[in-house]
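So the structure is just underneath, and the comments pick up after that.
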Amino acid sequence: MSPLARCFASFVSLVSMAAAVALSPGAPRIGWVLSGTPENSRHLLEAMRAGLADEGLIDGQNVELDVRFNSGRSERYVENFNDLVRKPVNVLAASGYAGISAARDAAGGRIPVSAYFCGNDVRQMVASFARPGGNVTGVSCLSAELASKRIELLKNAVPAVRRLGFLYDPRSPGKDRELAETVQVAGKLGMSVTAATASSADGLEEAVASLRREGAQALVISEDAFTFSNRAQIVALGAAQGMIDISAFREFVVAGGVMSYGANAAERLRQQARYAARLARGVAPGDLPIDQPTRFEFVVNVKAARALGVTIAPAALLVADEVIR
């Protein structure tokens with residue numbers, strides 16, 4: 001084959017490959033809004049695409065995944081979801097109370113929503129776990145239900161802790177109940193609790209500092225989309241105040257935090273993407289029960305604890321699923 005012929009053959013091959021991966025006509029579009037940034041959400045994007053692939057949908061081929069990022073600002077949910085609906089989209093996907101509320105309102109009952117519920121927001125949005133009804137279904141992380149377990153793990157890991165600082169976003173429902181449960185279990189373990197709220201990144205520094213002024217030795221981070229997306233700032237502020245921390249997801253520990261206990265966020269997001277794929281194929285949201293996690297992980301960052309001058313009890317390390325040294 002002549003050089004010219006080889007070049008032409010290569011060109012034809014490239015055109016054929018491009019055509020093979022082009023978006024199929026009529027492919028569904030899924031509009032997804034994440035609370036964080038492209039940089040701290042890379043592993044979540046991978047999980048989303050993997051979940052779609054589990055259901056036979058490949059982004060850019062037979063499904064279009066349109067992802068927006070709030071960069072830690074919950075007020076952007078409304079703008080992003082309204083813009084996605086104008087595109088239009090076949091399915092919306094959201095996380096946390098603020099995100100799910102915005103998606104549900106933008107959908108107007110016409111577009112199914114695949115949701116990632118955390119805290120006490122499930123019962124605020126659907127009729128029941130088994131039969132959600134309406135146009136919203138999805139997965140739960142059971143974060144708030146594990147709040148008592150986190151306090152017990154914290155106490156076992158650092159027995160000297162006597163006062164906890166509970167940080168939460170008051171815009172999320174059920175936080176008063178979660179705080180009450182935290183106070184109750186802490187009291188049984190000989191600890192007291194002080195609380196502070198924050199609804200914007202600008203307010204986090206003062207919120208964490210106020211907890212320290214009240215004598216808090218440890219920072220208990222209540223999980224929601226706002227705290228999750230601002231996790232690096234929160235654990236850094238806690239460390240600057242000399243407080244160890246415990247949260248719901250390992251992402252906080254990877255960002256420099258000390259401990260976490262809860263469901264794996266990437267695994268939950270992958271299941272949420274599977275639900276989004278089924279909704280895109282026409283499955284009714286009300287017929288998909290809310291999926292609940294069955295596996296939880298306790299992650300400990302010994303290096304971060306050591307930097308604070310804290311020694312994690314050996315018994316806690318023995319039960320940890322992952323230890324970062």
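All residue names refer to the structure tokens as shown: chains lettered A, B, ... in order, residues numbered from 1 in each chain, ligands numbered from 1 in order.
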Problem set entry | All residues 10 Å or closer to Glu46 in chain A, only C-alpha atoms, same chain fewer than 4 positions away omitted, as JSON, numbers by chain | {"A": [41, 42, 50, 51, 266, 269, 270]}
Exercise. As a count of residues only, which residues of range 51-97 of chain A does DSSP assign to alpha helix (DSSP H)?
Worked result: 17
For this session: Write out as number ranges by chain which residues come within 12 Å of Leu45 in chain A when counting only C-alpha atoms, dropping same-chain ones fewer than 3 positions away.
Result: A: 32-34, 36-42, 48-52, 59, 65-69, 265-267, 269-270, 272-273
Problem set entry | All residues 12 Å or closer to Ser128 in chain A, only C-alpha atoms, same chain fewer than 2 positions away omitted, as an MDAnalysis selection string | chainID A and resid 121:126 130:134 136:138 286:291
Generate the output file for the selected residues, C-alpha atoms, as a short mmCIF file (atom, residue, chain, number, x, y, z; two decimals), in the first residue's frame.
```cif
data_model
loop_
_atom_site.label_atom_id
_atom_site.label_comp_id
_atom_site.auth_asym_id
_atom_site.auth_seq_id
_atom_site.Cartn_x
_atom_site.Cartn_y
_atom_site.Cartn_z
CA ASP A 121 -34.52 14.25 54.37
CA VAL A 122 -35.97 11.01 52.95
CA ARG A 123 -39.27 11.30 54.80
CA GLN A 124 -39.50 14.96 53.79
CA MET A 125 -39.50 14.01 50.10
CA VAL A 126 -41.21 10.65 49.55
CA ALA A 130 -40.65 0.96 49.87
CA ARG A 131 -43.06 2.98 47.72
CA PRO A 132 -41.72 6.51 47.20
CA GLY A 133 -44.58 7.62 44.95
CA GLY A 134 -44.39 10.85 42.96
CA VAL A 136 -38.58 11.21 43.16
CA THR A 137 -36.68 8.07 44.16
CA GLY A 138 -33.04 7.17 44.77
CA GLY A 286 -42.64 5.40 42.40
CA ASP A 287 -41.89 1.77 41.53
CA LEU A 288 -38.23 1.98 42.61
CA PRO A 289 -37.82 1.64 46.41
CA ILE A 290 -35.28 3.87 48.13
CA ASP A 291 -32.05 1.87 48.14
#
```
For this session: Would you mind telling me which residue in A:Val310, A:Leu179, A:Val85, A:Ile30 lies nearest to Val158 in chain A when using only C-alpha atoms?
Result: A:Val310
Exercise. Which polymer residues have any atom within 12 Å of an atom of Val254 in chain A, counting only C-alpha atoms, with same-chain residues fewer than 4 positions away left out, as a VMD selection string?
Worked result: chain A and resid 40 231 to 232 235 to 236 247 249 to 250 258 to 260 299 to 304 322 to 325
Please, could you write that set of residues out with N, CA and C atoms as an mmCIF file, in the first residue's frame?
```
data_model
loop_
_atom_site.group_PDB
_atom_site.id
_atom_site.type_symbol
_atom_site.label_atom_id
_atom_site.label_comp_id
_atom_site.auth_asym_id
_atom_site.auth_seq_id
_atom_site.Cartn_x
_atom_site.Cartn_y
_atom_site.Cartn_z
ATOM 1 N N ASN A 40 -12.609 18.280 43.213
ATOM 2 C CA ASN A 40 -12.835 17.362 44.335
ATOM 3 C C ASN A 40 -13.959 16.368 44.074
ATOM 4 N N ARG A 231 -15.599 20.224 52.637
ATOM 5 C CA ARG A 231 -14.931 19.359 53.609
ATOM 6 C C ARG A 231 -13.480 19.745 53.877
ATOM 7 N N ALA A 232 -12.730 20.115 52.848
ATOM 8 C CA ALA A 232 -11.319 20.450 53.047
ATOM 9 C C ALA A 232 -11.181 21.664 53.963
ATOM 10 N N VAL A 235 -12.223 20.612 57.784
ATOM 11 C CA VAL A 235 -11.239 19.849 58.566
ATOM 12 C C VAL A 235 -9.985 20.680 58.823
ATOM 13 N N ALA A 236 -9.642 21.567 57.891
ATOM 14 C CA ALA A 236 -8.486 22.441 58.102
ATOM 15 C C ALA A 236 -8.757 23.431 59.233
ATOM 16 N N SER A 247 -16.623 12.511 60.929
ATOM 17 C CA SER A 247 -17.628 12.858 59.934
ATOM 18 C C SER A 247 -18.248 11.587 59.382
ATOM 19 N N PHE A 249 -18.187 10.610 55.974
ATOM 20 C CA PHE A 249 -17.602 10.032 54.775
ATOM 21 C C PHE A 249 -16.084 10.102 54.771
ATOM 22 N N ARG A 250 -15.484 9.118 54.141
ATOM 23 C CA ARG A 250 -14.030 9.030 54.089
ATOM 24 C C ARG A 250 -13.408 10.211 53.349
ATOM 25 N N VAL A 258 -9.640 13.377 60.675
ATOM 26 C CA VAL A 258 -9.118 12.308 61.530
ATOM 27 C C VAL A 258 -9.922 11.016 61.415
ATOM 28 N N MET A 259 -11.248 11.101 61.466
ATOM 29 C CA MET A 259 -12.054 9.880 61.460
ATOM 30 C C MET A 259 -13.347 10.067 60.670
ATOM 31 N N SER A 260 -13.862 8.970 60.141
ATOM 32 C CA SER A 260 -15.181 8.983 59.507
ATOM 33 C C SER A 260 -15.826 7.618 59.694
ATOM 34 N N VAL A 299 -12.968 4.831 58.985
ATOM 35 C CA VAL A 299 -11.661 5.221 58.455
ATOM 36 C C VAL A 299 -10.965 6.134 59.464
ATOM 37 N N VAL A 300 -9.688 5.848 59.723
ATOM 38 C CA VAL A 300 -8.923 6.621 60.702
ATOM 39 C C VAL A 300 -7.637 7.126 60.056
ATOM 40 N N ASN A 301 -7.369 8.414 60.242
ATOM 41 C CA ASN A 301 -6.153 9.029 59.729
ATOM 42 C C ASN A 301 -5.199 9.260 60.909
ATOM 43 N N VAL A 302 -4.310 8.299 61.133
ATOM 44 C CA VAL A 302 -3.373 8.378 62.250
ATOM 45 C C VAL A 302 -2.412 9.553 62.070
ATOM 46 N N LYS A 303 -2.035 9.808 60.834
ATOM 47 C CA LYS A 303 -1.122 10.911 60.544
ATOM 48 C C LYS A 303 -1.726 12.241 60.964
ATOM 49 N N ALA A 304 -3.005 12.457 60.639
ATOM 50 C CA ALA A 304 -3.677 13.699 61.009
ATOM 51 C C ALA A 304 -3.812 13.819 62.521
ATOM 52 N N GLU A 322 -10.090 1.042 57.471
ATOM 53 C CA GLU A 322 -8.944 1.614 56.768
ATOM 54 C C GLU A 322 -8.195 2.549 57.708
ATOM 55 N N VAL A 323 -6.888 2.422 57.751
ATOM 56 C CA VAL A 323 -6.049 3.283 58.579
ATOM 57 C C VAL A 323 -5.046 3.992 57.677
ATOM 58 N N ILE A 324 -5.088 5.320 57.677
ATOM 59 C CA ILE A 324 -4.164 6.130 56.906
ATOM 60 C C ILE A 324 -3.007 6.549 57.805
ATOM 61 N N ARG A 325 -1.822 6.136 57.449
ATOM 62 C CA ARG A 325 -0.641 6.410 58.273
ATOM 63 C C ARG A 325 0.292 7.401 57.599
#
```
As a short mmCIF file (atom, residue, chain, number, x, y, z; two decimals) with N, CA and C atoms, in the first residue's frame, please: the residues near Val208 in chain A (cut-off 12 Å, only C-alpha atoms, same-chain neighbours under 2 positions excluded).
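What ended up in selection34.cif:
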```cif
data_model
loop_
_atom_site.label_atom_id
_atom_site.label_comp_id
_atom_site.auth_asym_id
_atom_site.auth_seq_id
_atom_site.Cartn_x
_atom_site.Cartn_y
_atom_site.Cartn_z
N LEU A 164 -17.76 17.98 72.97
CA LEU A 164 -17.87 17.88 71.52
C LEU A 164 -18.44 19.17 70.95
N GLY A 165 -18.00 19.51 69.75
CA GLY A 165 -18.57 20.62 68.99
C GLY A 165 -19.32 20.06 67.79
N PHE A 166 -20.61 20.33 67.71
CA PHE A 166 -21.46 19.79 66.65
C PHE A 166 -21.71 20.88 65.61
N LEU A 167 -21.23 20.66 64.38
CA LEU A 167 -21.35 21.65 63.31
C LEU A 167 -22.37 21.18 62.28
N TYR A 168 -23.33 22.06 61.94
CA TYR A 168 -24.35 21.64 60.98
C TYR A 168 -24.92 22.83 60.22
N THR A 194 -21.65 21.18 72.52
CA THR A 194 -22.01 22.54 72.13
C THR A 194 -22.17 22.55 70.62
N ALA A 195 -23.05 23.39 70.10
CA ALA A 195 -23.35 23.36 68.66
C ALA A 195 -23.15 24.72 68.01
N ALA A 196 -22.87 24.68 66.71
CA ALA A 196 -22.75 25.90 65.90
C ALA A 196 -23.27 25.60 64.51
N THR A 197 -23.81 26.63 63.86
CA THR A 197 -24.35 26.46 62.51
C THR A 197 -23.58 27.29 61.50
N ALA A 198 -23.62 26.82 60.26
CA ALA A 198 -23.02 27.57 59.15
C ALA A 198 -23.78 27.22 57.88
N ALA A 201 -19.72 29.23 53.12
CA ALA A 201 -18.29 28.99 53.35
C ALA A 201 -17.69 30.13 54.17
N ASP A 202 -18.19 31.35 53.98
CA ASP A 202 -17.66 32.49 54.71
C ASP A 202 -17.94 32.40 56.21
N GLY A 203 -18.98 31.65 56.57
CA GLY A 203 -19.34 31.54 57.98
C GLY A 203 -18.70 30.38 58.71
N LEU A 204 -17.97 29.55 58.00
CA LEU A 204 -17.40 28.37 58.62
C LEU A 204 -16.32 28.68 59.65
N GLU A 205 -15.46 29.64 59.35
CA GLU A 205 -14.34 29.94 60.25
C GLU A 205 -14.85 30.37 61.63
N GLU A 206 -15.81 31.27 61.66
CA GLU A 206 -16.35 31.74 62.93
C GLU A 206 -17.11 30.62 63.65
N SER A 210 -16.02 29.36 67.26
CA SER A 210 -16.94 29.49 68.39
C SER A 210 -17.05 28.19 69.18
N LEU A 211 -16.99 27.07 68.49
CA LEU A 211 -17.03 25.78 69.17
C LEU A 211 -15.80 25.61 70.07
N ARG A 212 -14.67 26.02 69.54
CA ARG A 212 -13.45 25.92 70.34
C ARG A 212 -13.50 26.84 71.55
N ARG A 213 -14.06 28.03 71.36
CA ARG A 213 -14.17 28.96 72.49
C ARG A 213 -15.07 28.40 73.59
N GLU A 214 -16.02 27.57 73.19
CA GLU A 214 -16.91 26.92 74.15
C GLU A 214 -16.28 25.69 74.79
N GLY A 215 -15.03 25.41 74.42
CA GLY A 215 -14.31 24.31 75.05
C GLY A 215 -14.34 22.99 74.32
N ALA A 216 -14.85 22.98 73.09
CA ALA A 216 -14.91 21.73 72.33
C ALA A 216 -13.52 21.21 72.02
N GLN A 217 -13.32 19.93 72.26
CA GLN A 217 -12.04 19.27 71.94
C GLN A 217 -12.12 18.50 70.64
N ALA A 218 -13.33 18.16 70.24
CA ALA A 218 -13.53 17.39 69.01
C ALA A 218 -14.65 18.00 68.19
N LEU A 219 -14.53 17.92 66.88
CA LEU A 219 -15.50 18.48 65.95
C LEU A 219 -16.31 17.35 65.32
N VAL A 220 -17.60 17.36 65.57
CA VAL A 220 -18.52 16.39 64.96
C VAL A 220 -19.21 17.09 63.80
N ILE A 221 -18.96 16.61 62.59
CA ILE A 221 -19.46 17.28 61.38
C ILE A 221 -20.71 16.57 60.89
N GLN A 233 -12.02 22.66 53.75
CA GLN A 233 -11.97 23.86 54.58
C GLN A 233 -12.35 23.54 56.02
N ILE A 234 -13.37 22.71 56.18
CA ILE A 234 -13.86 22.40 57.54
C ILE A 234 -12.82 21.65 58.36
N VAL A 235 -12.22 20.61 57.78
CA VAL A 235 -11.24 19.85 58.57
C VAL A 235 -9.98 20.68 58.82
N ALA A 236 -9.64 21.57 57.89
CA ALA A 236 -8.49 22.44 58.10
C ALA A 236 -8.76 23.43 59.23
N LEU A 237 -9.97 23.96 59.28
CA LEU A 237 -10.34 24.89 60.36
C LEU A 237 -10.35 24.19 61.71
N GLY A 238 -10.84 22.95 61.72
CA GLY A 238 -10.84 22.19 62.96
C GLY A 238 -9.43 21.93 63.45
N ALA A 239 -8.56 21.54 62.52
CA ALA A 239 -7.16 21.27 62.89
C ALA A 239 -6.48 22.53 63.39
N ALA A 240 -6.78 23.67 62.77
CA ALA A 240 -6.17 24.93 63.19
C ALA A 240 -6.58 25.29 64.61
N GLN A 241 -7.76 24.81 65.04
CA GLN A 241 -8.23 25.05 66.40
C GLN A 241 -7.82 23.94 67.35
N GLY A 242 -7.04 22.97 66.83
CA GLY A 242 -6.56 21.88 67.67
C GLY A 242 -7.60 20.82 67.98
N MET A 243 -8.65 20.73 67.15
CA MET A 243 -9.72 19.77 67.39
C MET A 243 -9.60 18.57 66.44
N ILE A 244 -9.73 17.38 66.99
CA ILE A 244 -9.89 16.21 66.14
C ILE A 244 -11.31 16.24 65.57
N ASP A 245 -11.59 15.46 64.56
CA ASP A 245 -12.91 15.50 63.96
C ASP A 245 -13.39 14.11 63.59
#
```
Set out as a Markdown table a contact list for range 145-247 of chain A and range 113-117 of chain A with a cut-off of 12 Å, giving each residue of range 145-247 of chain A that qualifies its closest atom pair and distance in Å to one decimal, counting only C-alpha atoms, ordered by chain and rising residue number.
```
| residue | atom | partner | partner_atom | distance |
| --- | --- | --- | --- | --- |
| A:Ser172 | CA | A:Phe117 | CA | 11.2 |
| A:Pro173 | CA | A:Phe117 | CA | 11.5 |
| A:Glu223 | CA | A:Phe117 | CA | 10.7 |
| A:Asp224 | CA | A:Phe117 | CA | 9.1 |
| A:Ala225 | CA | A:Phe117 | CA | 9.8 |
```
For this session: Can you pull out every residue within 10 Å of Pro112 in chain A, counting only C-alpha atoms, but drop anything in the same chain fewer than 4 positions away, and send it as a PyMOL selection string?
Result: chain A and resi 89-93+103-104+107-108+134-137+276+279-280+282-286
Take the residues from that selection and put them in a file with N, CA and C atoms, as a PDB file, in the first residue's frame.
```
ATOM      1  N   VAL A  89     -33.961  17.955  29.623  1.00  0.00           N
ATOM      2  CA  VAL A  89     -33.374  16.686  30.063  1.00  0.00           C
ATOM      3  C   VAL A  89     -34.479  15.665  30.297  1.00  0.00           C
ATOM      4  N   ASN A  90     -34.083  14.390  30.317  1.00  0.00           N
ATOM      5  CA  ASN A  90     -35.038  13.313  30.567  1.00  0.00           C
ATOM      6  C   ASN A  90     -35.083  12.908  32.038  1.00  0.00           C
ATOM      7  N   VAL A  91     -33.953  13.107  32.742  1.00  0.00           N
ATOM      8  CA  VAL A  91     -33.839  12.750  34.157  1.00  0.00           C
ATOM      9  C   VAL A  91     -32.993  13.812  34.850  1.00  0.00           C
ATOM     10  N   LEU A  92     -33.331  14.115  36.091  1.00  0.00           N
ATOM     11  CA  LEU A  92     -32.507  14.971  36.931  1.00  0.00           C
ATOM     12  C   LEU A  92     -31.923  14.135  38.069  1.00  0.00           C
ATOM     13  N   ALA A  93     -30.737  14.501  38.529  1.00  0.00           N
ATOM     14  CA  ALA A  93     -30.108  13.795  39.646  1.00  0.00           C
ATOM     15  C   ALA A  93     -29.543  14.821  40.618  1.00  0.00           C
ATOM     16  N   ALA A 103     -34.267  20.230  42.468  1.00  0.00           N
ATOM     17  CA  ALA A 103     -34.529  19.357  41.323  1.00  0.00           C
ATOM     18  C   ALA A 103     -36.017  19.048  41.209  1.00  0.00           C
ATOM     19  N   ARG A 104     -36.637  18.733  42.338  1.00  0.00           N
ATOM     20  CA  ARG A 104     -38.069  18.420  42.347  1.00  0.00           C
ATOM     21  C   ARG A 104     -38.892  19.610  41.869  1.00  0.00           C
ATOM     22  N   ALA A 107     -38.367  20.155  38.157  1.00  0.00           N
ATOM     23  CA  ALA A 107     -39.000  19.086  37.373  1.00  0.00           C
ATOM     24  C   ALA A 107     -40.499  19.301  37.242  1.00  0.00           C
ATOM     25  N   GLY A 108     -41.103  19.933  38.236  1.00  0.00           N
ATOM     26  CA  GLY A 108     -42.529  20.226  38.171  1.00  0.00           C
ATOM     27  C   GLY A 108     -43.405  19.005  38.001  1.00  0.00           C
ATOM     28  N   GLY A 134     -44.835   9.615  43.598  1.00  0.00           N
ATOM     29  CA  GLY A 134     -44.391  10.853  42.962  1.00  0.00           C
ATOM     30  C   GLY A 134     -43.318  10.633  41.905  1.00  0.00           C
ATOM     31  N   ASN A 135     -42.467  11.647  41.723  1.00  0.00           N
ATOM     32  CA  ASN A 135     -41.453  11.567  40.664  1.00  0.00           C
ATOM     33  C   ASN A 135     -40.035  11.526  41.229  1.00  0.00           C
ATOM     34  N   VAL A 136     -39.888  11.241  42.532  1.00  0.00           N
ATOM     35  CA  VAL A 136     -38.575  11.210  43.164  1.00  0.00           C
ATOM     36  C   VAL A 136     -38.313   9.840  43.799  1.00  0.00           C
ATOM     37  N   THR A 137     -37.142   9.279  43.493  1.00  0.00           N
ATOM     38  CA  THR A 137     -36.680   8.065  44.161  1.00  0.00           C
ATOM     39  C   THR A 137     -35.157   8.156  44.236  1.00  0.00           C
ATOM     40  N   ALA A 276     -30.753   6.367  37.925  1.00  0.00           N
ATOM     41  CA  ALA A 276     -30.962   7.373  36.883  1.00  0.00           C
ATOM     42  C   ALA A 276     -31.098   6.703  35.516  1.00  0.00           C
ATOM     43  N   LEU A 279     -34.552   5.164  35.238  1.00  0.00           N
ATOM     44  CA  LEU A 279     -35.547   6.211  35.015  1.00  0.00           C
ATOM     45  C   LEU A 279     -35.495   6.705  33.577  1.00  0.00           C
ATOM     46  N   ALA A 280     -34.288   6.804  33.023  1.00  0.00           N
ATOM     47  CA  ALA A 280     -34.128   7.251  31.640  1.00  0.00           C
ATOM     48  C   ALA A 280     -34.767   6.280  30.671  1.00  0.00           C
ATOM     49  N   GLY A 282     -37.516   4.726  31.310  1.00  0.00           N
ATOM     50  CA  GLY A 282     -38.958   4.761  31.466  1.00  0.00           C
ATOM     51  C   GLY A 282     -39.525   4.094  32.688  1.00  0.00           C
ATOM     52  N   VAL A 283     -38.682   3.564  33.573  1.00  0.00           N
ATOM     53  CA  VAL A 283     -39.185   2.975  34.817  1.00  0.00           C
ATOM     54  C   VAL A 283     -39.771   4.088  35.675  1.00  0.00           C
ATOM     55  N   ALA A 284     -40.948   3.856  36.248  1.00  0.00           N
ATOM     56  CA  ALA A 284     -41.606   4.875  37.064  1.00  0.00           C
ATOM     57  C   ALA A 284     -40.877   5.054  38.391  1.00  0.00           C
ATOM     58  N   PRO A 285     -40.583   6.285  38.792  1.00  0.00           N
ATOM     59  CA  PRO A 285     -39.875   6.514  40.056  1.00  0.00           C
ATOM     60  C   PRO A 285     -40.570   5.876  41.257  1.00  0.00           C
ATOM     61  N   GLY A 286     -41.892   5.955  41.272  1.00  0.00           N
ATOM     62  CA  GLY A 286     -42.643   5.401  42.396  1.00  0.00           C
ATOM     63  C   GLY A 286     -42.517   3.907  42.547  1.00  0.00           C
TER      64      GLY A 286
END
```
For this session: If you run DSSP over the backbone, which residues in range 38-167 of chain A end up strand (DSSP E or B)? Put them as a VMD selection string.
Result: chain A and resid 59 63 to 69 91 to 95 113 to 117 136 to 140 163 to 167
For this session: Work out how far CA of Asn264 in chain A is from CA of Leu142 in chain A, in Å to one decimal.
Result: 11.0 Å
Problem set entry | CA of Val319 in chain A to CA of Arg162 in chain A, straight-line distance in Å | 22.1 Å
For this session: Determine the nearest neighbour of Ala313 in chain A from the options A:Arg150, A:Lys155, A:Arg177, A:Lys188, counting only C-alpha atoms.
Result: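 Smallest separation from Ala313 in chain A among the options: A:Lys155.
Taking CA of Glu178 in chain A and CA of Ser140 in chain A as endpoints, the distance between them is 16.2 Å.
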